[in-house]
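First up is the structure itself, then whatever we jot down about it.
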Amino acid sequence: MACPAFGALAGGASSSARPGTGAHSPEYLSQGSTSIFDPAATPSHWIFTLSMFVLVITLAIFLIVAGLLIYALIRYRHRNLETYNEPAQIYGSNQIELAWTVIPALIVVMLFLTSSRVILATEDARKPADAVDVVVVGHQFWWEYRYPKLGIVTANELHIPTSDPQHPTPTYLEMSSADVDHSFWVPRLAGKMDLIPNRVNTMWIDPETPGLYLGQCAQFCGVQHAKMLLRVYADTPAEFAAWAAEQKKPAVEDPSVAEGREVFLHSACVNCHTVSGTMANGRFGPDLTHLASRDTIAAGAVENNADNMKKWIDAPASLKPGALMPPMHLNEHDLNAVTAYMMSLH
Amino acid sequence: MADSVSSLPALEAIDPTAEQSSRRLFFEVLHDWVTTVDHKKIGLMYIGYALLFMVAGGIEALIMRIQLAVPHNHFVSPEVFNRMFTMHGTTMVFFMGMPILFGFGNYLIPLMIGARDMAFPRLNAFSFWISALGGLLLYYSFIGGSGLYGAGSAPDVGWFAYAPLTAKAFSPGHSTDYWTISILLSGIGSIGTALNIVATIISMRCPGMKLSRMPLLAWLYLVLSNMVFITVSPLTAAQIMLMLDRYAGSHFFDTQAGGSAVLWIHFFWIFGHPEVYILVMPAFAFMNEIIPVFSRKAIFGYPAMVAASVGIGFVSMSVWAHHMFTVGMGAGANVFFVLSSMVVAIPTGIKIFNWLATIWGGKVRFASPMLFSVGFLFQFLIAGLTGIMLAAAPFDWQLNNSYFVVAHFHYVLVGGILFAFFAAFYYWYPKVTGRMMNERLAKWHFWLMVFGFHMTFDFMHIPGLLGMPRRVYTYEPRPGWEILNLIVSIGAIFQAIAVLLFVINLIRSNYKGDIAGNDPWDAWTLEWSTASPPPVYNFASTPVVYSRRPLWDIKHPEDPDWNYE
Amino acid sequence: MSTIPITPDVAEEPWVLPDRGTVGMVCLIVAESAIFLIFVVAYIFYMGQSLGGPTPQQVLQLPIFITVCLLSSSLTLHWAVAALRKSKIGACAAWLAATVALGTIFLVGTGMEWHHLIYVDGLSIRTNLFGTTFYSLIGLHATHVVVGLAMLLMALVFALTGHVKEEHAHRLDVLALYWHFVDAVWVVVFTVVYVLGR
């Protein structure tokens, strides 16, 4: 199902195809358009329209000025090296100066007004009653998502409902940071917005088409800024409701992985991670209650499978050097047990 | 007529006491340079120092481009990559850009306004050495701490070092301290030299050199020096605060204690944006001197050029927050900064049109200084237009911190400013050394540089449009990212070769270049009236000027400029 | 040949340019003002933002006496320059001494205020945002007073040892410019910290 298109700037429609949970091809992590010229939500559409307008104007200016320059350089090049007389000296003209002050000024006013319209429309948009609220907290180097109305806490993979223009259900993101500055950038959905500690910023997104929208942190936030990837899953309202119901449940207690669960609860894991229904309630790292329901681990850096999970628990730096999770120093047996436990947390 | 011409002091600057310098001991020469207060020697030291740092910053850029040539590369570790882009940015702005512009200013301004030295020669030497200390301290960080492996404790917080990444909690060790203190020192040097330039231009002009007759270069340096006071000082203040936070435990940018991260962002860009205009002012200045001479026409619209420069100086103080469209300032502030940022386009446009009008109707000679000037004109035009795109805030919500921004400001800094500096090197080299630079090598340099520049920075815009953020040490192979990054990296190699040719030309021509004479370009400003290289005292007797182009008046006594001004 | 003029016929006005020392000092003052402006902005920005006490209302007293001392030191320095202009070296030295004394009283007063704040009220630069911005702003100003005092002291010593003559008046003038600036900054700091911020 995941067959990404290589249409660069225009993007590919297929990139919005919802990947099946079973079919994880390696490209699946990275492929998919992140082009700003392939908008899939209202804010990004508005920006796209504005950017086309600005591009046309600047291109016209470029063609005119560069054309004049080329003409002047060719027409007035020094042809005959023998002649020694200087050309006529012209010192200036106030009329001409006035002309090339006024015309750019008019262009500036036009660009200013069109930009302002988009700014006001985006930032002062009225929030519909059906809007979904998500609190986004940036961490070094992962994303925490909290749905206060739904009572869900998850990490790194943001699920939102699609929005029907007739009955808009946009998602409002209230963003802050637990440590340093980050920036939330999913180019196909909206422009970016910074996550700053001690401050709450708001943005909204409303994709119409279901699918996976990729992005990544856009504000340098430390060693692993590069692998702080963003995955936004736009689900149909029914899919979203099903997902939310699933996420609200406490953690699965599969008796076959009881041993791994014991190891987990008796190691340092619980200081940083939460698994609801257990004594693990740390908040420094991602919530693991439904870890196995996610497609990726390490903030989108690698696919979520037993192999990667084991590597990650054993030595996080092997997948993501600089990640703040310490190596757990478990013996092979315990490591396998914890991995199995993690993979059972659907 | 011969009598009356030679009675003009400007032409009588041949050094009567010039002694043939015999071979001297290395330490004597060194002592001479270290203790000098001569504006020309200090200017050259500034330039040499800047070139050294340009090479260092260039090597850092190459390391980054090798790392990014292919996705998931392991050429350097993320830690080293972060140090590289921090050092590259810091170096190029503070230890290449600032020293080289002060170097040219130091060398040229007294010569162009008919003075014998700067207003405060000893302050001049102090400013240079304190800046030099800053640069050395910054680079000592490579070998300080844990040594060369892993790039020691070189700063790794980015050149705008957003709080609270710089707080002790997130930046333990001393890397950020190296950054802070070296920039503090360089800032003191910058303010000292800027003060010197203003005092020189205001108080040291030769008789007749009214403000309205000054070469435009002097005007632009006057504007940029005043901008240094108003913009570098806030950076100095912010660095003091950061140091207090790190050493005394204060809470200016400590978000845990109620401090504000956004305050640092404001303070930094109150410096950071005008800084770009400070760097571009000398480029304007060189264009104002070079384009007329090689078009054989007086600059078109001198008063408009002065007004536009002063205008840019003022407007640039009110645009800083266009770097902050994504920090959530609110619609009102965003709208204001869209307007102020776009207004900059108007005076900048006036400048480009005036240069165009200067060329119009002239007789353009494409010697190497003019070639680089033409490169400047086209590339600066494009840089300005991508700047307009970034000033449209919603567009910037997408483009901010993407590779598009990186491409845009490198278009300004390399395509604009560096090309202008190359033009200035080729133009004034004969005055400084008495010899011409090799024109063949210069043309190779130019075409390789143009090719490499466009290969790198034209293509660098596109990954930004495709969603690639800056400052990532590696990236996923998303559609289009791979091939574009490879092209960008290959272009960097061409630029490196071009700069190498330039450096070879610079050194070789000093020994093998053709003898230049006093006035190889048939130019019109005062520095060309004295010997090449100029004697220690610049002019044997103080020149007197009657128009903006004193040498034109002498060369064309039948039609002097003062009839038209 | 002599019919072609090499200089314009119109006579130029006499060529007088501003004193470079004054120009340099004005530039320095502009730069310093920008530094102070940033610290003042930070102070105002963080007014009432501290997470804990003590607050300015609880601990700050109006420093009227030292303010009067500092402001009057501007006057005495002005008289010192005026005396030097008239070649009255003795009077100049006396006024300089008065200026140094008044400046020193200001510094001692600030020191006593800090001592009280630190040891009695328990306010240090680490305590809260008020402490952070207060000590850095007042400290920055006090540093400038110290620099000014050092230079004034040098001028005083030169005056007492007979090295100052009337032709040095413009140099003392430049120094006076700096000192007046330091005083003017105090007026701003006083208004922001002790009047608006309290």
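To be explicit about the labels: the chains of the structure tokens are called A, B, and onward in the order shown, and within each one the residues are counted from 1, while ligands get numbers from 1 in the order they are shown.
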
Give as JSON, numbers by chain every residue of chain B that touches chain A within 7 Å, counting only C-alpha atoms. {"B": [78, 79, 164, 165, 255, 296, 297, 298, 299, 300, 301, 326, 327, 328, 331, 335, 338, 339, 342, 343, 346, 350, 356, 359, 360, 361, 362, 363, 364, 365, 378, 385, 389, 392, 393, 394, 395, 397, 398, 401, 465, 466, 467, 469, 471, 472, 473, 474, 475, 476, 477, 478, 479, 480]}

Expected file: the selected residues, N, CA and C atoms, as a short mmCIF file (atom, residue, chain, number, x, y, z; two decimals), in the first residue's frame:
data_model
loop_
_atom_site.label_atom_id
_atom_site.label_comp_id
_atom_site.auth_asym_id
_atom_site.auth_seq_id
_atom_site.Cartn_x
_atom_site.Cartn_y
_atom_site.Cartn_z
N PRO B 78 27.28 13.29 14.96
CA PRO B 78 26.39 14.45 15.10
C PRO B 78 27.02 15.55 15.94
N GLU B 79 27.76 15.17 16.99
CA GLU B 79 28.38 16.19 17.84
C GLU B 79 29.33 17.07 17.02
N PRO B 164 16.97 28.12 25.84
CA PRO B 164 17.90 27.78 26.92
C PRO B 164 18.92 26.70 26.55
N LEU B 165 19.16 26.50 25.26
CA LEU B 165 20.16 25.50 24.88
C LEU B 165 21.54 25.90 25.40
N THR B 255 14.59 29.43 31.83
CA THR B 255 13.15 29.23 31.75
C THR B 255 12.60 28.53 32.98
N ARG B 296 33.20 54.14 -16.80
CA ARG B 296 33.73 55.46 -17.18
C ARG B 296 32.70 56.56 -17.00
N LYS B 297 31.85 56.44 -16.00
CA LYS B 297 30.84 57.48 -15.75
C LYS B 297 30.77 57.77 -14.26
N ALA B 298 30.38 59.00 -13.96
CA ALA B 298 30.16 59.32 -12.54
C ALA B 298 29.01 58.49 -12.02
N ILE B 299 29.00 58.22 -10.71
CA ILE B 299 27.89 57.47 -10.12
C ILE B 299 26.61 58.23 -10.38
N PHE B 300 25.56 57.49 -10.74
CA PHE B 300 24.26 58.12 -11.03
C PHE B 300 23.53 58.35 -9.71
N GLY B 301 23.10 59.57 -9.49
CA GLY B 301 22.26 59.87 -8.33
C GLY B 301 22.99 59.77 -6.99
N THR B 326 7.95 32.55 13.52
CA THR B 326 7.44 31.27 14.01
C THR B 326 7.52 31.14 15.53
N VAL B 327 7.89 32.21 16.25
CA VAL B 327 7.93 32.05 17.70
C VAL B 327 6.59 32.39 18.34
N GLY B 328 5.60 32.74 17.51
CA GLY B 328 4.27 33.00 18.05
C GLY B 328 4.14 34.38 18.66
N ALA B 331 -0.53 38.01 15.60
CA ALA B 331 -0.76 38.54 14.26
C ALA B 331 -0.28 39.99 14.13
N VAL B 335 2.41 41.24 11.36
CA VAL B 335 2.05 42.17 10.29
C VAL B 335 3.01 43.34 10.26
N VAL B 338 6.33 42.29 8.80
CA VAL B 338 6.24 42.07 7.35
C VAL B 338 6.45 43.40 6.64
N LEU B 339 5.73 44.42 7.12
CA LEU B 339 5.81 45.72 6.45
C LEU B 339 7.23 46.28 6.53
N MET B 342 9.66 44.49 4.30
CA MET B 342 9.50 44.70 2.87
C MET B 342 9.91 46.11 2.46
N VAL B 343 9.78 47.06 3.40
CA VAL B 343 10.16 48.44 3.09
C VAL B 343 11.65 48.52 2.74
N ILE B 346 12.77 48.94 -0.84
CA ILE B 346 12.70 50.18 -1.62
C ILE B 346 14.06 50.86 -1.74
N ILE B 350 16.52 51.20 -5.07
CA ILE B 350 17.10 52.46 -5.56
C ILE B 350 18.57 52.26 -5.88
N LEU B 356 22.56 50.44 -12.26
CA LEU B 356 22.16 50.18 -13.64
C LEU B 356 22.27 51.46 -14.47
N ILE B 359 25.82 52.31 -15.36
CA ILE B 359 26.34 51.53 -16.48
C ILE B 359 25.75 52.05 -17.80
N TRP B 360 24.49 52.44 -17.75
CA TRP B 360 23.75 52.89 -18.93
C TRP B 360 24.46 54.08 -19.57
N GLY B 361 24.84 53.95 -20.83
CA GLY B 361 25.47 55.06 -21.52
C GLY B 361 26.96 55.15 -21.27
N GLY B 362 27.52 54.19 -20.52
CA GLY B 362 28.95 54.23 -20.25
C GLY B 362 29.73 53.43 -21.27
N LYS B 363 31.00 53.20 -20.96
CA LYS B 363 31.83 52.32 -21.78
C LYS B 363 32.41 51.26 -20.86
N VAL B 364 31.72 50.14 -20.78
CA VAL B 364 32.02 49.17 -19.73
C VAL B 364 33.23 48.32 -20.10
N ARG B 365 34.22 48.31 -19.22
CA ARG B 365 35.40 47.45 -19.40
C ARG B 365 35.31 46.29 -18.43
N PHE B 378 23.85 40.65 -10.23
CA PHE B 378 22.83 39.63 -10.51
C PHE B 378 22.50 38.83 -9.27
N LEU B 385 15.34 39.22 -3.91
CA LEU B 385 13.99 38.73 -4.23
C LEU B 385 13.61 37.54 -3.36
N MET B 389 10.46 36.99 -0.51
CA MET B 389 9.63 35.81 -0.22
C MET B 389 9.63 35.51 1.27
N ALA B 392 7.45 37.74 3.48
CA ALA B 392 6.01 37.45 3.51
C ALA B 392 5.79 36.38 4.57
N ALA B 393 5.36 36.80 5.76
CA ALA B 393 5.39 35.93 6.94
C ALA B 393 4.83 34.52 6.71
N PRO B 394 3.66 34.37 6.09
CA PRO B 394 3.14 33.00 5.94
C PRO B 394 4.08 32.12 5.11
N PHE B 395 4.67 32.69 4.07
CA PHE B 395 5.65 31.94 3.28
C PHE B 395 6.81 31.54 4.20
N TRP B 397 6.64 30.98 7.35
CA TRP B 397 6.27 29.88 8.27
C TRP B 397 6.70 28.55 7.68
N GLN B 398 6.66 28.45 6.36
CA GLN B 398 7.16 27.23 5.72
C GLN B 398 8.68 27.25 5.59
N ASN B 401 14.06 28.44 8.90
CA ASN B 401 14.89 27.32 9.36
C ASN B 401 14.94 26.14 8.39
N LEU B 465 12.38 23.94 -0.01
CA LEU B 465 10.99 23.89 -0.47
C LEU B 465 10.43 22.48 -0.29
N LEU B 466 11.32 21.49 -0.30
CA LEU B 466 10.88 20.10 -0.16
C LEU B 466 10.83 19.68 1.30
N GLY B 467 11.02 20.60 2.21
CA GLY B 467 10.80 20.29 3.62
C GLY B 467 12.05 19.90 4.39
N PRO B 469 14.89 20.71 6.85
CA PRO B 469 15.33 21.76 7.77
C PRO B 469 16.85 21.88 7.78
N ARG B 471 20.61 22.51 9.75
CA ARG B 471 21.27 22.05 10.97
C ARG B 471 20.98 20.60 11.30
N VAL B 472 20.73 19.79 10.29
CA VAL B 472 20.59 18.36 10.53
C VAL B 472 21.87 17.69 10.07
N TYR B 473 22.41 16.79 10.89
CA TYR B 473 23.69 16.18 10.53
C TYR B 473 23.49 15.05 9.54
N THR B 474 22.24 14.60 9.43
CA THR B 474 21.93 13.60 8.41
C THR B 474 20.45 13.71 8.09
N TYR B 475 20.02 13.01 7.05
CA TYR B 475 18.62 13.15 6.65
C TYR B 475 18.12 11.86 6.03
N GLU B 476 16.78 11.72 6.04
CA GLU B 476 16.15 10.57 5.40
C GLU B 476 16.14 10.82 3.89
N PRO B 477 16.23 9.77 3.09
CA PRO B 477 16.21 9.97 1.63
C PRO B 477 14.81 10.26 1.12
N ARG B 478 14.30 11.43 1.44
CA ARG B 478 12.97 11.81 0.97
C ARG B 478 13.05 12.18 -0.51
N PRO B 479 11.89 12.25 -1.19
CA PRO B 479 11.92 12.52 -2.64
C PRO B 479 12.71 13.78 -2.96
N GLY B 480 13.71 13.65 -3.81
CA GLY B 480 14.46 14.80 -4.27
C GLY B 480 15.62 15.21 -3.39
#

Write out as a CSV table (one decimal) with N, CA and C atoms, in the first residue's frame every residue belonging to chain B that has an atom at most 9 Å from any atom of chain C, counting only C-alpha atoms.
chain,number,residue,atom,x,y,z
B,1,MET,N,50.2,74.9,-18.0
B,1,MET,CA,49.3,74.0,-17.4
B,1,MET,C,50.0,73.0,-16.5
B,2,ALA,N,51.1,72.6,-17.0
B,2,ALA,CA,51.9,71.6,-16.3
B,2,ALA,C,52.2,72.1,-14.9
B,4,SER,N,50.6,74.4,-13.2
B,4,SER,CA,49.4,74.5,-12.3
B,4,SER,C,49.0,73.1,-11.8
B,5,VAL,N,49.1,72.1,-12.7
B,5,VAL,CA,48.7,70.8,-12.2
B,5,VAL,C,49.6,70.3,-11.1
B,8,LEU,N,49.1,71.1,-7.6
B,8,LEU,CA,48.1,70.4,-6.8
B,8,LEU,C,48.7,69.4,-5.9
B,119,ALA,N,41.7,58.6,13.2
B,119,ALA,CA,41.6,59.6,14.3
B,119,ALA,C,42.4,59.1,15.5
B,120,PHE,N,42.3,57.8,15.8
B,120,PHE,CA,42.9,57.3,17.1
B,120,PHE,C,43.7,56.0,16.7
B,191,ILE,N,33.3,47.7,18.1
B,191,ILE,CA,32.8,49.0,18.5
B,191,ILE,C,34.0,50.0,18.5
B,192,GLY,N,35.2,49.6,19.0
B,192,GLY,CA,36.4,50.5,18.9
B,192,GLY,C,36.7,50.9,17.5
B,194,ALA,N,34.7,50.9,14.9
B,194,ALA,CA,33.6,51.7,14.3
B,194,ALA,C,33.7,53.2,14.8
B,195,LEU,N,34.0,53.3,16.1
B,195,LEU,CA,34.2,54.6,16.7
B,195,LEU,C,35.3,55.4,16.0
B,196,ASN,N,36.4,54.7,15.7
B,196,ASN,CA,37.5,55.3,15.1
B,196,ASN,C,37.1,55.7,13.7
B,198,VAL,N,34.1,56.5,12.5
B,198,VAL,CA,33.3,57.7,12.5
B,198,VAL,C,34.1,59.0,12.8
B,199,ALA,N,35.0,58.9,13.9
B,199,ALA,CA,35.8,60.0,14.2
B,199,ALA,C,36.7,60.4,13.1
B,200,THR,N,37.2,59.5,12.4
B,200,THR,CA,38.1,59.8,11.2
B,200,THR,C,37.3,60.5,10.1
B,202,ILE,N,34.4,62.1,10.4
B,202,ILE,CA,33.9,63.4,10.8
B,202,ILE,C,35.0,64.4,10.9
B,203,SER,N,36.1,64.0,11.5
B,203,SER,CA,37.1,65.0,11.9
B,203,SER,C,38.4,65.0,11.2
B,204,MET,N,38.6,64.1,10.2
B,204,MET,CA,40.0,64.1,9.6
B,204,MET,C,39.9,64.4,8.1
B,205,ARG,N,38.8,64.8,7.6
B,205,ARG,CA,38.7,65.0,6.1
B,205,ARG,C,39.7,66.1,5.7
B,206,CYS,N,40.2,66.0,4.5
B,206,CYS,CA,41.1,67.0,4.0
B,206,CYS,C,40.3,68.3,3.6
B,207,PRO,N,40.9,69.4,3.5
B,207,PRO,CA,40.2,70.6,3.1
B,207,PRO,C,39.4,70.5,1.8
B,208,GLY,N,38.2,70.9,1.9
B,208,GLY,CA,37.3,70.8,0.7
B,208,GLY,C,36.5,69.6,0.6
B,226,ASN,N,27.9,53.6,12.5
B,226,ASN,CA,26.9,54.0,13.4
B,226,ASN,C,26.0,52.8,13.7
B,228,VAL,N,26.9,49.8,13.9
B,228,VAL,CA,27.7,48.9,14.9
B,228,VAL,C,27.4,49.4,16.3
B,229,PHE,N,27.4,50.7,16.6
B,229,PHE,CA,27.1,51.1,17.9
B,229,PHE,C,25.7,50.6,18.4
B,230,ILE,N,24.8,50.7,17.5
B,230,ILE,CA,23.4,50.5,18.0
B,230,ILE,C,23.0,49.0,17.9
B,231,THR,N,23.8,48.2,17.2
B,231,THR,CA,23.5,46.8,17.1
B,231,THR,C,24.4,45.8,17.8
B,232,VAL,N,25.7,46.1,17.7
B,232,VAL,CA,26.7,45.3,18.4
B,232,VAL,C,26.6,45.4,19.9
B,233,SER,N,26.3,46.6,20.4
B,233,SER,CA,26.1,46.8,21.8
B,233,SER,C,25.1,45.9,22.4
B,234,PRO,N,23.9,45.8,21.8
B,234,PRO,CA,22.9,44.9,22.4
B,234,PRO,C,23.4,43.5,22.5
B,235,LEU,N,24.2,43.1,21.5
B,235,LEU,CA,24.7,41.7,21.5
B,235,LEU,C,25.7,41.6,22.7
B,236,THR,N,26.5,42.6,22.9
B,236,THR,CA,27.4,42.6,24.0
B,236,THR,C,26.7,42.5,25.3
B,237,ALA,N,25.6,43.3,25.4
B,237,ALA,CA,24.8,43.3,26.6
B,237,ALA,C,24.2,41.9,26.8
B,238,ALA,N,23.7,41.3,25.7
B,238,ALA,CA,23.1,39.9,25.9
B,238,ALA,C,24.1,38.9,26.3
B,241,MET,N,24.7,39.1,29.9
B,241,MET,CA,23.7,38.5,30.6
B,241,MET,C,23.9,36.9,30.6
B,244,LEU,N,26.5,36.0,32.9
B,244,LEU,CA,26.0,36.1,34.3
B,244,LEU,C,25.2,34.9,34.6
B,245,ASP,N,24.4,34.5,33.6
B,245,ASP,CA,23.6,33.2,33.8
B,245,ASP,C,24.5,32.0,34.1
B,248,ALA,N,27.3,33.4,37.3
B,248,ALA,CA,26.8,33.9,38.6
B,248,ALA,C,25.5,33.3,39.0
B,249,GLY,N,24.9,32.5,38.2
B,249,GLY,CA,23.7,31.9,38.5
B,249,GLY,C,22.5,32.8,38.4
B,250,SER,N,22.5,33.8,37.6
B,250,SER,CA,21.4,34.7,37.4
B,250,SER,C,20.4,34.0,36.5
B,251,HIS,N,19.2,34.6,36.2
B,251,HIS,CA,18.2,33.9,35.5
B,251,HIS,C,17.6,34.5,34.3
B,252,PHE,N,18.4,35.4,33.6
B,252,PHE,CA,17.9,36.1,32.5
B,252,PHE,C,17.2,35.2,31.5
B,257,ALA,N,13.3,29.3,36.0
B,257,ALA,CA,13.0,30.3,37.0
B,257,ALA,C,12.2,31.5,36.5
B,258,GLY,N,11.4,31.2,35.5
B,258,GLY,CA,10.6,32.3,35.0
B,258,GLY,C,11.2,33.1,33.9
B,259,GLY,N,12.5,32.9,33.6
B,259,GLY,CA,13.1,33.6,32.5
B,259,GLY,C,12.5,33.4,31.2
B,260,SER,N,12.9,34.2,30.2
B,260,SER,CA,12.2,34.1,28.9
B,260,SER,C,13.2,33.6,27.8
B,263,LEU,N,13.2,36.4,25.0
B,263,LEU,CA,13.9,37.6,25.2
B,263,LEU,C,15.3,37.5,24.5
B,267,PHE,N,16.9,39.8,21.6
B,267,PHE,CA,18.1,40.5,21.8
B,267,PHE,C,19.1,40.1,20.7
B,545,VAL,N,40.4,69.3,-2.1
B,545,VAL,CA,39.5,68.8,-3.2
B,545,VAL,C,38.4,69.8,-3.4
B,546,TYR,N,37.9,69.8,-4.6
B,546,TYR,CA,36.8,70.7,-5.0
B,546,TYR,C,35.6,70.1,-5.5
B,553,ASP,N,38.8,66.0,-12.0
B,553,ASP,CA,39.1,67.4,-12.2
B,553,ASP,C,40.5,67.7,-12.7
B,554,ILE,N,41.4,66.9,-12.2
B,554,ILE,CA,42.8,67.1,-12.7
B,554,ILE,C,43.0,66.6,-14.1
B,557,PRO,N,40.7,69.2,-16.9
B,557,PRO,CA,40.6,70.6,-16.4
B,557,PRO,C,39.6,71.4,-17.2
B,558,GLU,N,39.3,70.9,-18.5
B,558,GLU,CA,38.4,71.7,-19.3
B,558,GLU,C,36.9,71.5,-18.9
B,560,PRO,N,35.6,70.3,-15.4
B,560,PRO,CA,35.7,69.7,-14.0
B,560,PRO,C,34.3,69.4,-13.4
B,562,TRP,N,33.2,70.1,-10.6
B,562,TRP,CA,32.5,71.1,-9.7
B,562,TRP,C,31.5,72.0,-10.4
B,563,ASN,N,31.6,72.0,-11.7
B,563,ASN,CA,30.6,72.7,-12.5
B,563,ASN,C,29.2,72.1,-12.4

Got a sec to tell me which of stretch 178-260 of chain B DSSP assigns to helix (DSSP H, G or I), as a short mmCIF file (atom, residue, chain, number, x, y, z; two decimals) with C-alpha atoms, in the first residue's frame?
data_model
loop_
_atom_site.label_atom_id
_atom_site.label_comp_id
_atom_site.auth_asym_id
_atom_site.auth_seq_id
_atom_site.Cartn_x
_atom_site.Cartn_y
_atom_site.Cartn_z
CA TYR B 178 34.32 30.03 24.48
CA TRP B 179 31.59 31.25 22.16
CA THR B 180 30.35 33.98 24.50
CA ILE B 181 33.71 35.37 25.47
CA SER B 182 35.17 35.34 21.98
CA ILE B 183 32.15 37.21 20.63
CA LEU B 184 32.29 39.64 23.53
CA LEU B 185 35.92 40.40 22.72
CA SER B 186 35.28 40.75 19.01
CA GLY B 187 32.36 43.04 19.81
CA ILE B 188 34.60 45.35 21.84
CA GLY B 189 37.02 45.46 18.92
CA SER B 190 34.20 46.18 16.48
CA ILE B 191 32.84 49.04 18.55
CA GLY B 192 36.36 50.48 18.93
CA THR B 193 37.07 50.40 15.22
CA ALA B 194 33.63 51.72 14.32
CA LEU B 195 34.16 54.61 16.71
CA ASN B 196 37.50 55.25 15.06
CA ILE B 197 35.99 55.23 11.58
CA VAL B 198 33.28 57.71 12.53
CA ALA B 199 35.76 60.04 14.22
CA THR B 200 38.06 59.77 11.22
CA ILE B 201 35.35 60.56 8.71
CA ILE B 202 33.90 63.41 10.77
CA SER B 203 37.13 65.01 11.95
CA LEU B 211 30.31 65.45 3.55
CA SER B 212 28.55 65.99 0.24
CA ARG B 213 31.81 65.42 -1.63
CA LEU B 216 30.33 56.99 -1.34
CA LEU B 217 32.56 54.39 0.28
CA ALA B 218 33.17 56.77 3.16
CA TRP B 219 29.44 57.43 3.44
CA LEU B 220 28.62 53.76 3.64
CA TYR B 221 31.29 53.17 6.26
CA LEU B 222 29.89 56.10 8.22
CA VAL B 223 26.44 54.52 8.16
CA LEU B 224 27.64 51.01 8.98
CA SER B 225 29.83 52.24 11.84
CA ASN B 226 26.89 54.00 13.40
CA MET B 227 24.92 50.80 13.00
CA VAL B 228 27.67 48.95 14.86
CA PHE B 229 27.09 51.14 17.93
CA ILE B 230 23.39 50.49 17.97
CA THR B 231 23.46 46.78 17.11
CA VAL B 232 26.70 45.25 18.37
CA SER B 233 26.13 46.81 21.79
CA PRO B 234 22.89 44.91 22.39
CA LEU B 235 24.72 41.70 21.51
CA THR B 236 27.44 42.64 23.98
CA ALA B 237 24.76 43.27 26.60
CA ALA B 238 23.07 39.94 25.86
CA GLN B 239 26.40 38.13 26.08
CA ILE B 240 27.05 39.75 29.46
CA MET B 241 23.66 38.46 30.60
CA LEU B 242 24.42 34.99 29.29
CA MET B 243 27.75 35.01 31.10
CA LEU B 244 26.05 36.10 34.32
CA ASP B 245 23.58 33.24 33.85
CA ARG B 246 26.35 30.72 33.36
CA TYR B 247 28.78 31.98 35.97
CA ALA B 248 26.85 33.93 38.60
CA THR B 255 13.15 29.23 31.75
CA GLN B 256 13.00 27.15 34.93
CA ALA B 257 13.04 30.32 37.04
#

Fewer than 6 positions away in the same chain doesn't count, so skip those; otherwise give me all residues within 10 Å of A:His266, counting only C-alpha atoms, as a count of residues only. 3

Which residues of stretch 114-151 of chain C sit at most 9 Å from stretch 56-72 of chain C, using only C-alpha atoms? Give each one's shortest atom pair and distance in Å (one decimal place), in chain and ascending residue order, as a tab-separated table.
residue	atom	partner	partner_atom	distance
C:Leu117	CA	C:Val59	CA	7.1
C:Asp121	CA	C:Val59	CA	6.7
C:Leu123	CA	C:Val59	CA	8.7
C:Phe130	CA	C:Pro56	CA	7.3

File dump, residues just selected, C-alpha atoms, as a compact mmCIF listing (two decimals), in the first residue's frame:
# COMPACT_ATOMS: atom_id res chain seq x y z
CA LEU C 117 20.01 43.64 50.51
CA ASP C 121 16.94 40.92 52.98
CA LEU C 123 18.36 39.04 47.91
CA PHE C 130 14.27 40.81 40.37

Need the shell around stretch 156-172 of chain A: protein/DNA/RNA residues with any atom at most 7 Å away, counting only C-alpha atoms. Skip same-chain ones fewer than 6 positions apart. Format as number ranges by chain? A: 130-134, 142-145, 202-210, 230-237, 240, 294, 299-300

Could you pull the residues within 12 Å of B:Ala115, counting only C-alpha atoms, minus those fewer than 2 positions along the same chain, as a PyMOL selection string? chain B and resi 10+39-40+106-113+117-119+197+199-207+209+526-527+530+536-544

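Atom pair atom CA of B:Val157 / atom CA of B:Tyr49 has a distance of 24.5 Å (rounded to one decimal).
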
Using only C-alpha atoms, which residues sit within 8 Å of stretch 289-293 of chain B once same-chain residues fewer than 6 positions away are excluded, as a list in words? Pro215, Leu216, Leu217, Ile299, Trp355, Thr358, Ile359, Pro369, Met370, Ser373, Ala423, Ala424, Tyr427, Trp521, Asp522, Ala523 and Trp524 of chain B

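Between C:Val187 and the candidates C:Lys86, C:His170, C:His141, C:Thr104, the tightest atom-to-atom separation, counting only C-alpha atoms, involves C:His141.
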